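Student: Provided herewith: my_file_1.txt, compact mmCIF, C-alpha atoms and all ligand atoms.
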# COMPACT_ATOMS: atom_id res chain seq x y z
CA ALA A 847 3.27 0.54 -20.40
CA ARG A 848 5.25 1.15 -17.23
CA PHE A 849 6.14 4.80 -17.28
CA GLY A 850 6.76 7.07 -14.32
CA ILE A 851 5.87 10.74 -14.01
CA ARG A 852 9.50 11.78 -14.47
CA GLU A 853 9.80 10.23 -17.95
CA PHE A 854 7.13 12.55 -19.28
CA ALA A 855 7.56 16.06 -20.66
CA GLU A 856 5.24 18.69 -19.21
CA GLU A 857 2.58 18.27 -21.90
CA ASN A 858 2.35 14.57 -21.05
CA LYS A 859 2.27 14.97 -17.29
CA ALA A 860 -1.52 14.60 -17.17
CA GLU A 861 -1.24 11.27 -19.00
CA ALA A 862 1.47 10.05 -16.63
CA VAL A 863 -0.68 11.03 -13.64
CA ARG A 864 -3.63 9.16 -15.14
CA ILE A 865 -1.58 6.00 -15.65
CA HIS A 866 -0.21 6.26 -12.11
CA PHE A 867 -3.64 6.54 -10.46
CA ASP A 868 -5.16 3.84 -12.68
CA ARG A 869 -2.46 1.57 -11.35
CA VAL A 870 -2.79 2.44 -7.65
CA ALA A 871 -6.57 3.11 -7.35
CA PRO A 872 -7.67 -0.25 -5.91
CA LYS A 873 -5.01 -0.11 -3.19
CA TYR A 874 -4.88 3.66 -2.76
CA ASP A 875 -6.50 3.97 0.70
CA PHE A 876 -4.67 0.97 2.11
CA MET A 877 -1.25 2.13 0.86
CA ASN A 878 -1.74 5.69 2.15
CA SER A 879 -2.70 4.53 5.60
CA LEU A 880 0.19 2.11 5.71
CA LEU A 881 2.88 4.44 4.36
CA SER A 882 1.78 7.27 6.69
CA PHE A 883 1.29 4.92 9.69
CA GLY A 884 -2.34 6.07 9.74
CA ILE A 885 -1.34 9.70 10.38
CA GLN A 886 -2.94 10.82 7.08
CA HIS A 887 -6.36 10.57 8.75
CA ALA A 888 -5.36 13.01 11.50
CA TRP A 889 -3.96 15.43 8.88
CA LYS A 890 -7.17 15.28 6.89
CA ARG A 891 -9.37 15.82 9.96
CA ALA A 892 -7.27 18.79 11.12
CA ALA A 893 -7.30 20.32 7.63
CA VAL A 894 -11.07 20.07 7.17
CA ARG A 895 -11.50 21.57 10.65
CA MET A 896 -9.34 24.54 9.55
CA LEU A 897 -11.53 24.98 6.46
CA GLY A 898 -14.57 25.52 8.71
CA VAL A 899 -17.32 23.84 6.65
CA LYS A 900 -20.74 24.90 7.98
CA PRO A 901 -24.13 23.13 7.80
CA GLY A 902 -25.68 23.69 4.38
CA ASP A 903 -22.37 24.55 2.65
CA ARG A 904 -21.64 23.59 -0.96
CA VAL A 905 -18.15 22.10 -1.04
CA LEU A 906 -15.91 21.13 -3.97
CA ASP A 907 -13.20 18.49 -3.43
CA VAL A 908 -10.76 18.99 -6.31
CA CYS A 909 -8.56 15.97 -7.08
CA GLY A 910 -10.92 14.34 -4.60
CA GLY A 911 -9.85 10.78 -5.42
CA THR A 912 -11.36 8.25 -3.05
CA GLY A 913 -13.08 11.03 -1.13
CA ASP A 914 -11.56 11.13 2.38
CA LEU A 915 -11.79 14.93 2.57
CA ALA A 916 -15.24 14.87 0.98
CA ILE A 917 -16.52 12.47 3.65
CA LEU A 918 -15.25 14.72 6.45
CA ALA A 919 -16.75 17.79 4.77
CA ALA A 920 -20.06 16.01 4.12
CA ARG A 921 -20.43 15.14 7.81
CA ARG A 922 -19.99 18.86 8.62
CA SER A 923 -22.19 20.26 5.84
CA GLY A 924 -25.00 17.81 6.69
CA PRO A 925 -27.69 16.72 4.22
CA ALA A 926 -28.67 20.36 3.58
CA GLY A 927 -25.23 20.81 2.02
CA GLN A 928 -23.68 19.38 -1.12
CA VAL A 929 -20.21 17.94 -1.65
CA VAL A 930 -18.77 17.28 -5.10
CA ILE A 931 -15.78 15.01 -5.66
CA PHE A 932 -14.06 16.30 -8.79
CA ASP A 933 -11.31 14.07 -10.19
CA ILE A 934 -9.76 13.29 -13.56
CA ASN A 935 -9.44 9.57 -12.94
CA LEU A 936 -12.43 7.25 -13.18
CA ALA A 937 -10.73 4.39 -11.31
CA MET A 938 -10.16 6.66 -8.30
CA ILE A 939 -13.76 7.94 -8.42
CA GLN A 940 -15.03 4.35 -8.54
CA ALA A 941 -12.88 3.33 -5.57
CA GLY A 942 -14.40 6.30 -3.70
CA ARG A 943 -17.97 5.42 -4.67
CA HIS A 944 -17.43 1.90 -3.45
CA LYS A 945 -16.50 3.30 -0.03
CA ILE A 946 -19.10 6.09 0.17
CA ASP A 947 -22.27 4.73 -1.49
CA PRO A 948 -23.20 2.30 1.33
CA TYR A 949 -23.65 5.23 3.77
CA PRO A 950 -27.08 6.95 3.49
CA ASP A 951 -25.79 9.91 5.54
CA LEU A 952 -23.29 10.59 2.72
CA SER A 953 -25.84 10.63 -0.10
CA HIS A 954 -25.26 14.37 -0.63
CA ILE A 955 -21.81 13.54 -2.07
CA SER A 956 -21.74 13.51 -5.87
CA TYR A 957 -19.01 12.77 -8.42
CA VAL A 958 -17.78 14.67 -11.45
CA GLN A 959 -14.93 13.56 -13.70
CA GLY A 960 -12.82 16.41 -15.00
CA ASN A 961 -9.54 18.28 -15.07
CA ALA A 962 -8.67 20.65 -12.21
CA GLU A 963 -7.31 23.08 -14.82
CA ALA A 964 -10.79 23.53 -16.33
CA ILE A 965 -13.36 23.04 -13.58
CA THR A 966 -16.78 22.48 -15.11
CA PHE A 967 -18.77 24.71 -12.73
CA PRO A 968 -19.81 28.36 -13.08
CA ASP A 969 -18.09 31.21 -11.20
CA ASN A 970 -19.09 31.81 -7.54
CA THR A 971 -20.73 28.38 -6.99
CA PHE A 972 -19.14 26.98 -3.81
CA ASP A 973 -18.78 28.03 -0.17
CA CYS A 974 -15.64 25.92 0.19
CA ALA A 975 -13.13 24.40 -2.23
CA MET A 976 -10.44 22.00 -1.08
CA VAL A 977 -7.61 19.99 -2.58
CA GLY A 978 -5.75 17.27 -0.68
CA PHE A 979 -2.49 15.78 -1.95
CA GLY A 980 -3.62 16.49 -5.49
CA ILE A 981 -2.52 19.93 -6.67
CA ARG A 982 1.08 18.64 -6.92
CA ASN A 983 -0.12 16.41 -9.76
CA VAL A 984 -1.75 19.22 -11.73
CA THR A 985 0.46 20.35 -14.61
CA HIS A 986 -0.07 24.10 -14.12
CA LEU A 987 -0.37 24.77 -10.43
CA LYS A 988 -1.55 28.37 -10.73
CA THR A 989 -4.22 27.43 -13.26
CA GLY A 990 -5.54 24.81 -10.84
CA PHE A 991 -5.70 27.28 -7.94
CA SER A 992 -7.21 30.03 -10.13
CA GLU A 993 -9.95 27.65 -11.17
CA MET A 994 -10.71 26.75 -7.54
CA ILE A 995 -10.85 30.45 -6.65
CA ARG A 996 -13.06 31.21 -9.66
CA VAL A 997 -15.74 28.71 -8.60
CA LEU A 998 -15.70 29.96 -4.98
CA LYS A 999 -18.26 32.55 -3.90
CA PRO A 1000 -16.72 35.82 -2.67
CA GLY A 1001 -15.78 35.18 0.97
CA GLY A 1002 -15.72 31.42 0.25
CA ARG A 1003 -12.83 29.45 1.73
CA LEU A 1004 -10.07 27.43 0.07
CA LEU A 1005 -8.04 24.62 1.65
CA CYS A 1006 -4.88 23.12 0.23
CA LEU A 1007 -3.45 20.14 2.11
CA GLU A 1008 -0.16 19.01 0.63
CA PHE A 1009 3.10 17.29 1.47
CA SER A 1010 6.03 19.54 2.31
CA ARG A 1011 9.45 19.21 3.92
CA PRO A 1012 10.03 18.51 7.63
CA LEU A 1013 11.32 21.59 9.48
CA ASN A 1014 13.78 19.82 11.80
CA PRO A 1015 17.00 18.79 9.94
CA VAL A 1016 17.47 15.53 11.86
CA PHE A 1017 13.85 14.51 11.36
CA ARG A 1018 14.16 15.57 7.71
CA SER A 1019 17.13 13.18 7.15
CA LEU A 1020 15.15 10.30 8.65
CA TYR A 1021 12.13 11.22 6.56
CA ASP A 1022 14.24 11.47 3.38
CA PHE A 1023 15.70 8.04 4.03
CA TYR A 1024 12.20 6.67 4.58
CA SER A 1025 10.66 8.30 1.51
CA PHE A 1026 13.55 7.66 -0.92
CA ASN A 1027 14.35 4.10 0.16
CA ILE A 1028 11.71 2.40 2.26
CA MET A 1029 8.56 3.79 0.62
CA PRO A 1030 9.39 2.64 -2.96
CA ALA A 1031 10.36 -0.79 -1.58
CA LEU A 1032 7.02 -1.07 0.22
CA GLY A 1033 5.28 0.19 -2.93
CA GLN A 1034 6.90 -2.61 -4.90
CA LEU A 1035 6.18 -5.24 -2.30
CA LEU A 1036 2.56 -4.37 -1.52
CA ALA A 1037 1.23 -2.57 -4.60
CA GLY A 1038 3.57 -4.06 -7.23
CA SER A 1039 4.81 -0.60 -8.19
CA ALA A 1040 8.04 0.91 -6.87
CA GLU A 1041 8.02 3.55 -9.62
CA SER A 1042 4.72 5.07 -8.49
CA TYR A 1043 6.07 5.69 -5.01
CA ALA A 1044 9.60 6.65 -6.08
CA CYS A 1045 8.21 9.78 -7.80
CA LEU A 1046 6.63 11.07 -4.63
CA PRO A 1047 9.69 12.64 -2.94
CA GLU A 1048 10.74 14.30 -6.21
CA THR A 1049 7.38 15.96 -6.80
CA ILE A 1050 7.29 17.08 -3.15
CA ARG A 1051 10.69 18.79 -3.56
CA MET A 1052 9.46 20.68 -6.61
CA PHE A 1053 6.41 22.06 -4.77
CA PRO A 1054 6.54 25.62 -3.29
CA LEU A 1055 7.48 25.92 0.41
CA PRO A 1056 4.68 27.00 2.78
CA GLY A 1057 5.49 30.74 2.79
CA GLU A 1058 5.86 30.76 -1.00
CA LEU A 1059 2.54 28.99 -1.45
CA ALA A 1060 0.81 31.46 0.88
CA ALA A 1061 2.17 34.34 -1.24
CA MET A 1062 1.03 32.64 -4.45
CA LEU A 1063 -2.50 32.11 -3.13
CA THR A 1064 -2.67 35.74 -2.01
CA ASP A 1065 -1.54 36.88 -5.49
CA LEU A 1066 -4.23 34.70 -7.08
CA GLY A 1067 -7.04 36.33 -5.11
CA LEU A 1068 -7.22 35.02 -1.54
CA ARG A 1069 -6.94 37.04 1.66
CA ASN A 1070 -6.06 36.01 5.23
CA VAL A 1071 -4.02 33.02 4.04
CA ASN A 1072 -2.85 30.98 7.04
CA TRP A 1073 -0.94 27.76 7.12
CA GLU A 1074 -0.28 25.07 9.66
CA ALA A 1075 2.57 22.53 9.54
CA MET A 1076 1.56 19.02 10.59
CA THR A 1077 3.91 16.31 11.90
CA ASN A 1078 6.88 18.70 11.79
CA GLY A 1079 5.98 19.86 8.28
CA ILE A 1080 5.56 16.52 6.48
CA SER A 1081 2.18 17.95 5.54
CA VAL A 1082 1.04 21.56 5.45
CA ALA A 1083 -2.51 22.92 5.28
CA HIS A 1084 -3.14 26.39 3.83
CA VAL A 1085 -6.50 28.12 4.13
CA GLY A 1086 -7.67 31.49 2.84
CA SER A 1087 -10.82 33.33 1.78
CA LYS A 1088 -11.74 34.64 -1.66
CA ARG A 1089 -11.58 38.43 -1.87
N1 LIG B 1 -7.72 14.01 -2.29
C1 LIG B 1 -7.56 12.57 -2.13
C2 LIG B 1 -6.89 12.25 -0.84
O1 LIG B 1 -6.49 13.18 -0.13
O2 LIG B 1 -6.75 11.07 -0.49
C3 LIG B 1 -6.82 11.97 -3.33
C4 LIG B 1 -5.42 12.42 -3.54
S1 LIG B 1 -4.58 11.53 -4.80
C5 LIG B 1 -2.91 11.57 -4.22
C6 LIG B 1 -4.52 12.67 -6.13
C7 LIG B 1 -5.76 12.67 -7.01
O3 LIG B 1 -5.66 13.74 -7.94
C8 LIG B 1 -5.96 11.41 -7.83
O4 LIG B 1 -7.22 10.86 -7.57
C9 LIG B 1 -5.85 11.88 -9.28
O5 LIG B 1 -6.68 11.17 -10.16
C10 LIG B 1 -6.26 13.33 -9.15
N2 LIG B 1 -5.77 14.22 -10.22
C11 LIG B 1 -4.52 14.30 -10.70
N3 LIG B 1 -4.42 15.24 -11.64
C12 LIG B 1 -5.66 15.78 -11.76
C13 LIG B 1 -6.21 16.82 -12.57
N4 LIG B 1 -5.47 17.49 -13.45
N5 LIG B 1 -7.51 17.13 -12.42
C14 LIG B 1 -8.28 16.46 -11.53
N6 LIG B 1 -7.82 15.46 -10.76
C15 LIG B 1 -6.53 15.13 -10.85
Show me the file's structure as structure tokens.
Ligand code: SAM
Tutor:
Amino acid sequence: ARFGIREFAEENKAEAVRIHFDRVAPKYDFMNSLLSFGIQHAWKRAAVRMLGVKPGDRVLDVCGGTGDLAILAARRSGPAGQVVIFDINLAMIQAGRHKIDPYPDLSHISYVQGNAEAITFPDNTFDCAMVGFGIRNVTHLKTGFSEMIRVLKPGGRLLCLEFSRPLNPVFRSLYDFYSFNIMPALGQLLAGSAESYACLPETIRMFPLPGELAAMLTDLGLRNVNWEAMTNGISVAHVGSKR
């Protein structure tokens, strides 16, 4: 079946997301690096730095996919720490394992398959919880964040790295042209799927703006929520601590 996220009603969004990531998993890392001109790596490094993972920390990477954020966190937590990649899609987890397993210094990364809306860990388990370019896919955004906050220890820190809208209007027009026209064409050409990449700008537009997201996270139980716009706001990282 070749369905896109937009053809699905809300109750079927999870299924659409699963089909999408099944399709893109083998080429996920390559396509991200290409479509972002490699800038995604700088965003991820800056975001994990903001999160402030310390040696020995237990870290949860929700919607962790192929594990880029988990790798960065694992290097900071060291072998005394623990990093869990939590993702609904087995093909994405397997693509991540393939990349991570050869490195002995990353052997404290583990993998759990599950839904971000029902995280299978007890309350107050983790020092840090992070989600990178994933919460936009979760059907009920607030449920996903509440679950991340629930499994954080009091004082534990949450990171959300997500696409947003460029701040400068001229840059935004260029970016819109790129994401609505060029990106789906490249998706078709290189990954055989224009549809998968055509959904991206739509889901980004539906996502709360940075200030709104900061207010939502504060309402859900975080304090000191700060955010930083990256590459003129193409991506935004929010961090906050559990009250
Ligand atoms: N965090 C990784 C990164 O930054 O490269 C992967 C991001 S990828 C765009 C989104 C991931 O979210 C996919 O691996 C997908 O399987 C996962 N995902 C989508 N909906 C989910 C859900 N409800 N629960 C858990 N994982 C989910």
Student: Find, counting all atoms listed in the file, the residue in A:Gly1001, A:Pro872, A:Gly902, A:Pro950 that gets nearest to Gly927 in chain A.
Tutor: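 Ranking A:Gly1001, A:Pro872, A:Gly902, A:Pro950 by distance to Gly927 in chain A, first place goes to A:Gly902.
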Student: Would you list the residues that come within 9 Å of ligand LIG 1 (chain B)? Count only C-alpha atoms and all ligand atoms and give the answer as a PyMOL selection string.
Tutor: chain A and resi 859-861+863-864+866-868+871+874-875+878+886+890+907-916+931-939+959-965+976-986+990+1007-1008
Student: Hey, can you check how far CA of Leu1046 in chain A sits from CA of Glu1074 in chain A?
Tutor: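 Result for CA of Leu1046 in chain A versus CA of Glu1074 in chain A: 21.2 Å, one decimal.
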Student: Using Å and a single decimal, report how far CA of Val870 in chain A sits from CA of Phe991 in chain A.
Tutor: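 Calculated distance between CA of Phe991 in chain A and CA of Val870 in chain A is 25.0 Å.
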Student: Excluding Ala1061 in chain A and any residue of its chain fewer than 4 positions from it, enumerate the residues within 12 Å of it, using only C-alpha atoms, and give them as a VMD selection string.
Tutor: chain A and resid 988 1054 to 1057 1065 to 1073 1084 to 1086
